[in-house]
file work-v3.txt (compact mmCIF, C-alpha atoms)
# COMPACT_ATOMS: atom_id res chain seq x y z
CA MET A 10 -5.42 -9.20 22.85
CA ASN A 11 -3.23 -12.27 22.27
CA ASN A 12 -0.31 -11.34 20.01
CA SER A 13 1.42 -14.74 20.20
CA PHE A 14 1.73 -16.42 16.80
CA THR A 15 2.48 -20.13 17.18
CA THR A 16 4.12 -21.94 14.25
CA ALA A 17 6.17 -25.09 13.69
CA TRP A 18 9.26 -22.87 13.91
CA GLY A 19 8.34 -21.42 17.29
CA THR A 20 6.04 -18.88 18.91
CA PHE A 21 6.49 -15.25 18.03
CA GLU A 22 5.12 -12.02 19.43
CA LEU A 23 3.77 -9.94 16.56
CA ALA A 24 2.21 -6.50 16.16
CA ARG A 25 1.16 -4.27 13.32
CA PHE A 26 3.00 -1.03 12.63
CA PRO A 27 2.65 1.53 14.04
CA GLU A 28 1.92 -0.39 17.22
CA ASN A 29 -1.30 0.58 18.94
CA PRO A 30 -2.15 -1.02 22.31
CA ARG A 31 -5.85 -0.70 21.48
CA GLU A 32 -5.50 -2.34 18.07
CA GLN A 33 -8.00 -5.16 17.64
CA LEU A 34 -6.54 -6.47 14.36
CA ARG A 35 -3.86 -9.17 14.55
CA ALA A 36 -0.63 -9.13 12.60
CA TRP A 37 -1.41 -12.48 10.93
CA ASP A 38 -4.36 -14.52 9.74
CA ALA A 39 -5.32 -18.04 8.68
CA ALA A 40 -3.62 -17.63 5.30
CA ASP A 41 -0.24 -17.03 6.97
CA GLU A 42 -0.82 -20.02 9.26
CA TYR A 43 -1.81 -22.29 6.37
CA LEU A 44 1.26 -21.43 4.30
CA LEU A 45 3.72 -21.96 7.15
CA ARG A 46 2.08 -25.24 8.11
CA TYR A 47 2.31 -26.44 4.51
CA LEU A 48 6.02 -25.57 4.32
CA LYS A 49 6.72 -27.63 7.43
CA GLU A 50 4.37 -30.56 6.93
CA GLY A 51 3.67 -30.73 3.20
CA SER A 52 0.37 -32.17 1.97
CA ASP A 53 -1.03 -35.39 0.56
CA SER A 54 0.39 -34.53 -2.87
CA ALA A 55 3.72 -32.95 -1.87
CA GLY A 56 6.30 -33.20 0.86
CA PRO A 57 7.49 -30.38 3.11
CA VAL A 58 9.44 -27.49 1.59
CA SER A 59 12.90 -26.75 2.90
CA PRO A 60 13.37 -22.97 3.02
CA ASP A 61 17.16 -23.21 3.21
CA GLY A 62 17.93 -21.72 -0.20
CA ALA A 63 17.19 -18.27 -1.58
CA VAL A 64 13.69 -17.48 -0.31
CA ALA A 65 11.63 -14.49 -1.46
CA VAL A 66 8.42 -13.44 0.28
CA LEU A 67 6.18 -11.12 -1.70
CA GLY A 68 3.58 -9.05 0.15
CA ASP A 69 4.21 -10.13 3.75
CA ARG A 70 1.69 -7.80 5.36
CA TRP A 71 2.95 -7.41 8.92
CA GLY A 72 6.01 -9.66 9.04
CA ALA A 73 4.44 -12.94 10.17
CA LEU A 74 6.01 -14.96 7.35
CA SER A 75 9.38 -13.20 7.45
CA THR A 76 9.67 -13.48 11.22
CA ALA A 77 8.80 -17.18 11.28
CA LEU A 78 11.27 -18.03 8.50
CA ALA A 79 14.13 -15.66 9.36
CA GLY A 80 16.00 -18.23 11.40
CA THR A 81 15.76 -21.04 8.85
CA ALA A 82 16.08 -19.57 5.35
CA GLY A 83 19.46 -19.57 3.67
CA SER A 84 18.73 -16.03 2.52
CA LEU A 85 15.42 -14.26 2.86
CA THR A 86 14.19 -11.30 0.82
CA ALA A 87 10.90 -9.62 1.67
CA ILE A 88 9.38 -7.54 -1.14
CA THR A 89 6.64 -5.08 -0.27
CA ASP A 90 4.85 -2.03 -1.64
CA SER A 91 4.02 -0.87 1.89
CA TYR A 92 6.23 1.30 4.08
CA LEU A 93 4.18 0.20 7.09
CA SER A 94 4.71 -3.48 6.22
CA ALA A 95 8.45 -2.89 5.82
CA ARG A 96 8.61 -1.26 9.25
CA ALA A 97 6.48 -4.03 10.76
CA ILE A 98 8.87 -6.69 9.46
CA GLY A 99 11.86 -4.97 11.08
CA ALA A 100 10.02 -4.28 14.33
CA ASN A 101 8.72 -7.85 14.66
CA LEU A 102 12.14 -9.33 13.99
CA ALA A 103 13.64 -7.14 16.72
CA ARG A 104 10.72 -7.90 19.07
CA ASN A 105 11.56 -11.60 18.84
CA GLY A 106 15.30 -11.24 19.27
CA LEU A 107 16.04 -11.85 15.60
CA ASP A 108 18.63 -9.80 13.75
CA PRO A 109 16.74 -7.53 11.29
CA ALA A 110 19.68 -8.00 8.91
CA ARG A 111 18.49 -11.59 8.44
CA VAL A 112 15.80 -10.25 6.11
CA ASP A 113 16.62 -8.11 3.09
CA VAL A 114 13.56 -5.87 2.84
CA ARG A 115 13.09 -4.39 -0.62
CA SER A 116 10.38 -2.22 -2.10
CA THR A 117 8.41 -3.27 -5.17
CA GLN A 118 10.30 -0.51 -7.00
CA GLN A 119 13.72 -2.05 -6.30
CA GLU A 120 15.54 -4.71 -8.26
CA PRO A 121 14.32 -8.20 -7.27
CA PRO A 122 16.75 -11.01 -6.34
CA ALA A 123 18.68 -12.58 -9.22
CA ARG A 124 17.79 -16.14 -8.13
CA ILE A 125 14.85 -17.46 -6.12
CA ASP A 126 14.60 -21.08 -4.91
CA VAL A 127 11.38 -20.62 -2.92
CA LEU A 128 8.85 -17.91 -3.81
CA LEU A 129 6.07 -17.28 -1.28
CA VAL A 130 3.31 -14.91 -2.35
CA ARG A 131 0.81 -13.33 -0.01
CA VAL A 132 -1.85 -12.43 -2.60
CA PRO A 133 -2.38 -8.65 -2.55
CA LYS A 134 -5.67 -6.83 -2.79
CA SER A 135 -4.56 -5.36 -6.12
CA LEU A 136 -4.53 -7.77 -9.05
CA ALA A 137 -2.48 -5.23 -11.00
CA LEU A 138 0.26 -5.22 -8.35
CA LEU A 139 0.36 -9.02 -8.43
CA GLU A 140 0.63 -8.98 -12.21
CA ASP A 141 3.50 -6.48 -12.18
CA GLN A 142 5.44 -8.30 -9.46
CA LEU A 143 5.07 -11.75 -11.02
CA HIS A 144 6.47 -10.30 -14.24
CA ARG A 145 9.40 -8.79 -12.35
CA LEU A 146 10.13 -11.96 -10.37
CA ALA A 147 9.70 -14.50 -13.17
CA PRO A 148 13.29 -14.18 -14.55
CA ALA A 149 14.68 -15.20 -11.14
CA LEU A 150 12.80 -18.51 -11.07
CA HIS A 151 14.18 -21.83 -12.34
CA PRO A 152 12.58 -25.25 -12.94
CA GLY A 153 13.24 -26.30 -9.35
CA THR A 154 11.77 -23.18 -7.74
CA VAL A 155 8.90 -23.88 -5.37
CA VAL A 156 6.13 -21.28 -5.79
CA VAL A 157 3.37 -21.12 -3.19
CA GLY A 158 0.81 -18.37 -2.85
CA THR A 159 -1.61 -17.86 -0.01
CA GLY A 160 -4.68 -15.79 0.75
CA MET A 161 -8.12 -15.90 2.19
CA VAL A 162 -10.78 -17.45 -0.04
CA THR A 163 -12.28 -14.01 -0.66
CA GLU A 164 -8.91 -12.79 -1.99
CA ILE A 165 -8.25 -15.57 -4.52
CA HIS A 166 -10.30 -15.50 -7.70
CA THR A 167 -10.14 -17.18 -11.09
CA SER A 168 -8.35 -14.08 -12.39
CA THR A 169 -5.72 -14.51 -9.66
CA LEU A 170 -4.97 -18.08 -10.74
CA GLN A 171 -4.91 -17.04 -14.38
CA LEU A 172 -2.15 -14.53 -13.63
CA PHE A 173 0.05 -17.19 -12.02
CA GLU A 174 -0.67 -19.53 -14.94
CA ARG A 175 -0.04 -16.95 -17.66
CA ILE A 176 3.13 -15.43 -16.18
CA LEU A 177 4.81 -18.31 -14.32
CA GLY A 178 3.38 -21.68 -15.35
CA PRO A 179 0.85 -24.44 -14.55
CA THR A 180 -1.17 -23.57 -11.43
CA ARG A 181 -3.56 -25.36 -9.09
CA THR A 182 -5.18 -24.52 -5.79
CA SER A 183 -5.56 -26.36 -2.51
CA LEU A 184 -8.67 -27.12 -0.56
CA ALA A 185 -9.79 -24.29 1.71
CA VAL A 186 -8.79 -24.52 5.38
CA ARG A 187 -10.31 -22.01 7.81
CA LYS A 188 -11.34 -19.89 4.82
CA ALA A 189 -7.74 -19.76 3.52
CA ARG A 190 -6.35 -21.32 0.37
CA LEU A 191 -2.96 -22.06 -1.17
CA ILE A 192 -1.83 -21.61 -4.76
CA HIS A 193 0.77 -24.00 -6.22
CA THR A 194 2.60 -23.05 -9.42
CA THR A 195 5.25 -24.95 -11.37
CA PRO A 196 7.59 -22.50 -13.15
CA ASP A 197 7.79 -23.02 -16.89
CA GLY A 198 10.96 -21.52 -18.33
CA ALA A 199 9.70 -21.98 -21.89
CA LEU A 200 6.49 -20.04 -21.26
CA ASP A 201 5.80 -17.27 -23.76
CA ARG A 202 4.94 -14.57 -21.26
CA PRO A 203 3.09 -11.44 -22.36
CA ALA A 204 4.79 -8.09 -21.85
CA ASN A 205 4.39 -6.39 -18.50
CA PRO A 206 1.75 -3.65 -19.05
CA TRP A 207 2.91 -1.59 -16.06
CA PRO A 208 3.37 1.29 -15.47
CA LEU A 209 0.27 2.63 -17.24
CA ARG A 210 0.30 6.14 -18.69
CA TYR A 211 -2.69 8.04 -20.03
CA ARG A 212 -3.90 11.60 -20.58
CA LEU A 213 -6.65 13.18 -18.55
CA PRO A 214 -9.78 14.41 -20.35
CA ASP A 215 -10.49 18.04 -21.18
CA GLY A 216 -12.78 20.13 -19.04
CA ILE A 217 -11.13 19.52 -15.66
CA GLY A 218 -9.16 22.75 -15.30
CA VAL A 219 -5.38 22.96 -15.13
CA LEU A 220 -4.97 19.19 -15.45
CA SER A 221 -6.86 18.93 -18.74
CA GLY A 222 -4.90 16.80 -21.19
CA ARG A 223 -2.04 16.17 -18.74
CA GLN A 224 -0.23 12.83 -18.72
CA ILE A 225 -0.75 10.67 -15.64
CA THR A 226 1.48 7.77 -14.60
CA ASN A 227 0.19 4.84 -12.57
CA GLN A 228 2.49 2.18 -11.27
CA ALA A 229 0.73 -1.12 -10.63
CA GLY A 230 -1.41 -1.17 -7.51
CA VAL A 231 -2.17 2.55 -7.38
CA PHE A 232 -5.85 3.38 -6.88
CA CYS A 233 -7.95 3.92 -10.02
CA ALA A 234 -5.09 3.25 -12.42
CA ASP A 235 -6.81 3.75 -15.77
CA ARG A 236 -9.09 6.73 -15.19
CA LEU A 237 -9.81 9.76 -13.03
CA ASP A 238 -12.03 8.55 -10.19
CA ILE A 239 -15.14 10.54 -9.35
CA GLY A 240 -14.03 11.41 -5.81
CA THR A 241 -10.79 12.98 -7.03
CA ARG A 242 -12.62 14.75 -9.84
CA PHE A 243 -14.97 16.29 -7.27
CA PHE A 244 -12.04 17.26 -5.03
CA LEU A 245 -10.27 19.01 -7.93
CA GLN A 246 -13.28 21.29 -8.28
CA HIS A 247 -12.99 22.38 -4.64
CA LEU A 248 -9.31 22.80 -3.84
CA PRO A 249 -8.46 25.68 -1.51
CA ASP A 250 -7.11 29.06 -2.58
CA LEU A 251 -3.47 28.53 -1.73
CA GLY A 252 -2.74 32.26 -1.74
CA ASN A 253 0.73 32.74 -0.29
CA ALA A 254 1.16 29.13 0.82
CA ARG A 255 4.83 28.22 0.94
CA ARG A 256 4.51 24.47 1.50
CA VAL A 257 1.60 22.23 0.57
CA VAL A 258 1.21 18.50 1.27
CA ASP A 259 -0.61 16.01 -0.92
CA LEU A 260 -1.14 13.38 1.78
CA GLY A 261 -1.95 9.85 0.62
CA CYS A 262 -0.93 11.19 -2.78
CA GLY A 263 -1.64 8.14 -4.95
CA ASN A 264 -0.63 9.08 -8.49
CA GLY A 265 -0.15 12.72 -7.52
CA ILE A 266 -3.08 14.26 -9.38
CA VAL A 267 -4.24 16.50 -6.52
CA GLY A 268 -0.77 17.79 -5.62
CA THR A 269 0.09 18.40 -9.27
CA ALA A 270 -3.09 20.45 -9.69
CA ALA A 271 -2.14 22.47 -6.61
CA ALA A 272 1.35 23.08 -7.97
CA LEU A 273 -0.03 24.29 -11.30
CA THR A 274 -2.34 26.77 -9.59
CA ALA A 275 0.21 27.88 -6.98
CA PRO A 276 3.63 27.83 -8.66
CA HIS A 277 5.14 29.71 -5.72
CA ALA A 278 4.49 26.77 -3.36
CA GLU A 279 6.72 23.78 -2.72
CA LEU A 280 4.79 20.50 -2.88
CA LEU A 281 5.34 17.51 -0.64
CA PHE A 282 3.86 14.23 -1.86
CA VAL A 283 3.45 11.58 0.86
CA ASP A 284 2.17 8.02 0.69
CA GLU A 285 2.91 4.72 2.42
CA SER A 286 3.00 3.00 -0.99
CA PHE A 287 6.29 2.94 -2.88
CA GLN A 288 4.32 2.46 -6.09
CA ALA A 289 2.20 5.54 -5.38
CA VAL A 290 5.10 7.88 -4.66
CA ALA A 291 6.91 6.73 -7.82
CA SER A 292 3.72 7.43 -9.78
CA ALA A 293 3.28 10.86 -8.20
CA GLU A 294 6.83 11.90 -9.02
CA GLU A 295 6.48 11.00 -12.69
CA THR A 296 3.05 12.67 -12.92
CA PHE A 297 4.37 15.86 -11.31
CA ARG A 298 7.55 16.02 -13.41
CA ALA A 299 5.60 15.48 -16.65
CA ALA A 300 3.48 18.54 -15.80
CA LEU A 301 6.01 20.89 -14.19
CA GLY A 302 9.43 19.75 -15.35
CA PRO A 303 12.54 18.45 -13.58
CA ASP A 304 13.34 21.62 -11.63
CA ALA A 305 9.99 22.45 -10.03
CA PRO A 306 10.27 22.43 -6.21
CA ALA A 307 8.81 19.25 -4.77
CA GLU A 308 9.63 16.46 -2.34
CA PHE A 309 8.46 12.85 -2.55
CA LEU A 310 8.28 10.89 0.68
CA VAL A 311 7.36 7.27 1.39
CA GLY A 312 6.34 7.14 5.03
CA ASP A 313 3.82 6.70 7.81
CA ALA A 314 1.47 9.58 7.03
CA LEU A 315 3.10 12.77 8.36
CA ALA A 316 5.29 11.19 11.05
CA ASP A 317 8.49 12.46 9.41
CA VAL A 318 7.27 15.99 8.65
CA PRO A 319 8.32 18.74 11.10
CA THR A 320 5.74 20.36 13.38
CA ALA A 321 4.15 23.61 12.15
CA SER A 322 5.98 23.46 8.82
CA VAL A 323 3.23 23.46 6.16
CA ASP A 324 0.40 25.76 5.13
CA ALA A 325 -2.08 23.31 3.60
CA VAL A 326 -2.73 19.57 3.62
CA LEU A 327 -4.84 18.04 0.85
CA LEU A 328 -6.25 14.62 1.66
CA ASN A 329 -8.44 11.87 0.26
CA PRO A 330 -7.98 9.34 3.09
CA PRO A 331 -8.19 5.58 2.57
CA PHE A 332 -10.54 3.61 4.78
CA HIS A 333 -9.18 0.10 4.17
CA SER A 334 -6.14 -1.62 5.61
CA HIS A 335 -5.78 -4.62 3.31
CA GLN A 336 -9.23 -6.27 3.66
CA ALA A 337 -10.18 -4.58 6.93
CA THR A 338 -12.38 -1.48 7.00
CA THR A 339 -11.02 0.97 9.57
CA ASP A 340 -10.92 4.69 10.33
CA ALA A 341 -7.59 4.37 12.15
CA ILE A 342 -5.63 5.46 9.08
CA ALA A 343 -7.77 8.56 8.56
CA TRP A 344 -7.52 9.48 12.24
CA ARG A 345 -3.70 9.23 12.14
CA MET A 346 -3.69 11.43 9.04
CA PHE A 347 -5.98 14.00 10.67
CA THR A 348 -3.91 14.19 13.86
CA GLY A 349 -0.70 14.39 11.85
CA ALA A 350 -2.13 17.22 9.76
CA ARG A 351 -3.06 19.22 12.85
CA ARG A 352 0.50 18.85 14.14
CA VAL A 353 2.33 19.85 10.94
CA LEU A 354 0.07 22.78 9.97
CA ARG A 355 1.15 26.28 10.85
CA PRO A 356 -1.41 28.40 12.74
CA GLY A 357 -4.05 29.35 10.19
CA GLY A 358 -3.12 26.44 7.98
CA GLU A 359 -5.88 24.36 6.40
CA LEU A 360 -6.63 20.68 6.09
CA ARG A 361 -8.95 20.04 3.18
CA VAL A 362 -10.48 16.58 2.92
CA VAL A 363 -12.71 14.74 0.48
CA GLY A 364 -14.48 11.60 1.62
CA ASN A 365 -17.53 9.45 1.19
CA ARG A 366 -20.41 11.23 2.85
CA HIS A 367 -21.34 8.23 5.04
CA LEU A 368 -17.93 8.18 6.77
CA GLY A 369 -18.80 11.23 8.88
CA TYR A 370 -15.34 12.77 8.92
CA HIS A 371 -16.78 16.13 10.01
CA VAL A 372 -17.35 14.74 13.52
CA LYS A 373 -13.71 13.73 13.93
CA LEU A 374 -12.37 16.94 12.43
CA ARG A 375 -14.54 19.12 14.67
CA ARG A 376 -13.39 17.18 17.72
CA LEU A 377 -9.72 17.44 16.74
CA PHE A 378 -9.51 20.96 15.29
CA GLY A 379 -12.40 22.59 17.12
CA ASN A 380 -13.87 23.60 13.77
CA CYS A 381 -14.98 22.09 10.48
CA ARG A 382 -16.98 23.49 7.60
CA THR A 383 -18.49 21.82 4.59
CA VAL A 384 -17.04 23.27 1.39
CA ALA A 385 -19.14 21.25 -1.04
CA GLY A 386 -21.27 18.14 -1.17
CA SER A 387 -22.70 15.67 -3.64
CA PRO A 388 -24.94 12.65 -3.12
CA LYS A 389 -21.82 10.53 -2.53
CA PHE A 390 -18.96 12.83 -1.48
CA THR A 391 -18.32 15.78 0.79
CA VAL A 392 -15.39 18.21 0.85
CA LEU A 393 -14.50 19.47 4.32
CA SER A 394 -12.17 22.14 5.65
CA ALA A 395 -10.58 22.38 9.10
CA THR A 396 -8.23 25.18 10.19
CA ARG A 397 -5.33 24.98 12.66
CA ARG A 398 -5.90 27.66 15.29
call {"tool": "encode", "arguments": {"input": "work-v3.txt", "output": "structure tokens"}}
result
Amino acid sequence: MNNSFTTAWGTFELARFPENPREQLRAWDAADEYLLRYLKEGSDSAGPVSPDGAVAVLGDRWGALSTALAGTAGSLTAITDSYLSARAIGANLARNGLDPARVDVRSTQQEPPARIDVLLVRVPKSLALLEDQLHRLAPALHPGTVVVGTGMVTEIHTSTLQLFERILGPTRTSLAVRKARLIHTTPDGALDRPANPWPLRYRLPDGIGVLSGRQITNQAGVFCADRLDIGTRFFLQHLPDLGNARRVVDLGCGNGIVGTAAALTAPHAELLFVDESFQAVASAEETFRAALGPDAPAEFLVGDALADVPTASVDAVLLNPPFHSHQATTDAIAWRMFTGARRVLRPGGELRVVGNRHLGYHVKLRRLFGNCRTVAGSPKFTVLSATRR
């Protein structure tokens, strides 16, 4: 596969993180190419954009934008909700002989830059995350700030443009090129912006066991922010008996509902909440603390699945695996989670998984663990159990 990304600033070797030699998905797409070409060449209605001031890149997925601009920007801040994206940015800078210190990588939970002269936005899948981040970045903009968003046509909707317009100022779009589009916004300092609605907090309904009536916190961008989704509801009905489990992992924890339920039913166990989303882990921590208090034993880790968890150190892993990486449908994430779970489980430890029935996770689990049983099923979901032997 050709990993050479050619831009007006040079040709760069790029890879996703973690790097997989068999990976068929590139670390950039036509939206990244379109934005960089516009910055260098301009368009019929605007000249080129000089990225020599304070540049902020929001949502750079695998480091294509940050790597291309690292040698030209006066200062460059990359803001991301993804641990994997953050690692990809650093790895791609190093791969191309660029000092990783040239890019200040910050999470969406950290304080944004105080001043931004050029704001580049890779439109995220989550409209809520975009809304939250535009609110957070707006105070750093000034009348001369150049704001350019980019995304594939399928990612940019009327609601996307309305967010830019409502939070930042007048907005227009470009013509589509290779199924990618640009968004141009003129910051309006006098705009009467609405309040940022994130994070969102609500109470769960009655009739769902130990979590009935509990307060849930969702930072922007976390899956199913305003309600309990049906897959998680089904999973909560079929959690394992944690018995004498000492350490339990809520893997891909989202807002922490599953791990919090486990902690309430097994107060003797220490919970570890893991997700690659900074927003998710922040949500899980607040959800857990609201239910169990500030001193309950728990750890909250932003990372690449279980890569940073010691081998044979946990008794149970609870998992509702994602099957999308941005817009791509893939089982690579689930497979990495399954293999990581097998490594970190103690002998006799259990991986319990909920997933859409059509994904066929039982085949992979049986191949990896040598066993897999169906705990429960519904027309849409199945709960599976695999034991480390």
call {"tool": "closest_residue", "arguments": {"input": "work-v3.txt", "among": "A:Val127, A:Leu78, A:Ile266, A:Leu191", "to": "A:Phe244", "atoms": "all atoms listed in the file"}}
result
A:Ile266
call {"tool": "residues_near_point", "arguments": {"input": "work-v3.txt", "point": "(2.1, 13.5, 5.4)", "cutoff": "7 Å", "atoms": "all atoms listed in the file", "output": "MDAnalysis selection string"}}
result
chainID A and resid 258 260 283 314:316 318
call {"tool": "atom_distance", "arguments": {"input": "work-v3.txt", "atom1": "atom CA of A:Asp317", "atom2": "atom CA of A:Pro331"}}
result
19.3 Å
call {"tool": "closest_residue", "arguments": {"input": "work-v3.txt", "among": "A:Asp197, A:Tyr92, A:Leu393, A:Pro356", "to": "A:Leu374", "atoms": "all atoms listed in the file"}}
result
A:Leu393
call {"tool": "closest_residue", "arguments": {"input": "work-v3.txt", "among": "A:Thr163, A:Asn101, A:Asn29, A:Ser292", "to": "A:Gly230", "atoms": "all atoms listed in the file"}}
result
A:Ser292
call {"tool": "closest_residue", "arguments": {"input": "work-v3.txt", "among": "A:Ile342, A:Val362, A:Leu138, A:Ala395", "to": "A:Arg376", "atoms": "only C-alpha atoms"}}
result
A:Ala395
call {"tool": "atom_distance", "arguments": {"input": "work-v3.txt", "atom1": "atom CA of A:Ser183", "atom2": "atom CA of A:Leu74"}}
result
19.0 Å
call {"tool": "atom_distance", "arguments": {"input": "work-v3.txt", "atom1": "atom CA of A:Gly83", "atom2": "atom CA of A:Tyr43"}}
result
21.6 Å
call {"tool": "residues_around", "arguments": {"input": "work-v3.txt", "residues": "A:Val384", "least_positions_apart": "5", "cutoff": "8 Å", "atoms": "only C-alpha atoms", "output": "number ranges by chain"}}
result
A: 247, 391-394
call {"tool": "write_last_selection", "arguments": {"input": "work-v3.txt", "atoms": "C-alpha atoms", "output": "tab-separated table (two decimals), keeping the file's coordinate frame"}}
result
chain	number	residue	atom	x	y	z
A	247	HIS	CA	-12.99	22.38	-4.64
A	391	THR	CA	-18.32	15.78	0.79
A	392	VAL	CA	-15.39	18.21	0.85
A	393	LEU	CA	-14.50	19.47	4.32
A	394	SER	CA	-12.17	22.14	5.65
call {"tool": "residues_around", "arguments": {"input": "work-v3.txt", "residues": "A:Ser75", "least_positions_apart": "6", "cutoff": "8 Å", "atoms": "all atoms listed in the file", "output": "compact mmCIF listing (two decimals) with C-alpha atoms, in the coordinates of the input"}}
result
# COMPACT_ATOMS: atom_id res chain seq x y z
CA VAL A 66 8.42 -13.44 0.28
CA ASP A 69 4.21 -10.13 3.75
CA LEU A 85 15.42 -14.26 2.86
CA ALA A 87 10.90 -9.62 1.67
CA ILE A 98 8.87 -6.69 9.46
CA VAL A 112 15.80 -10.25 6.11
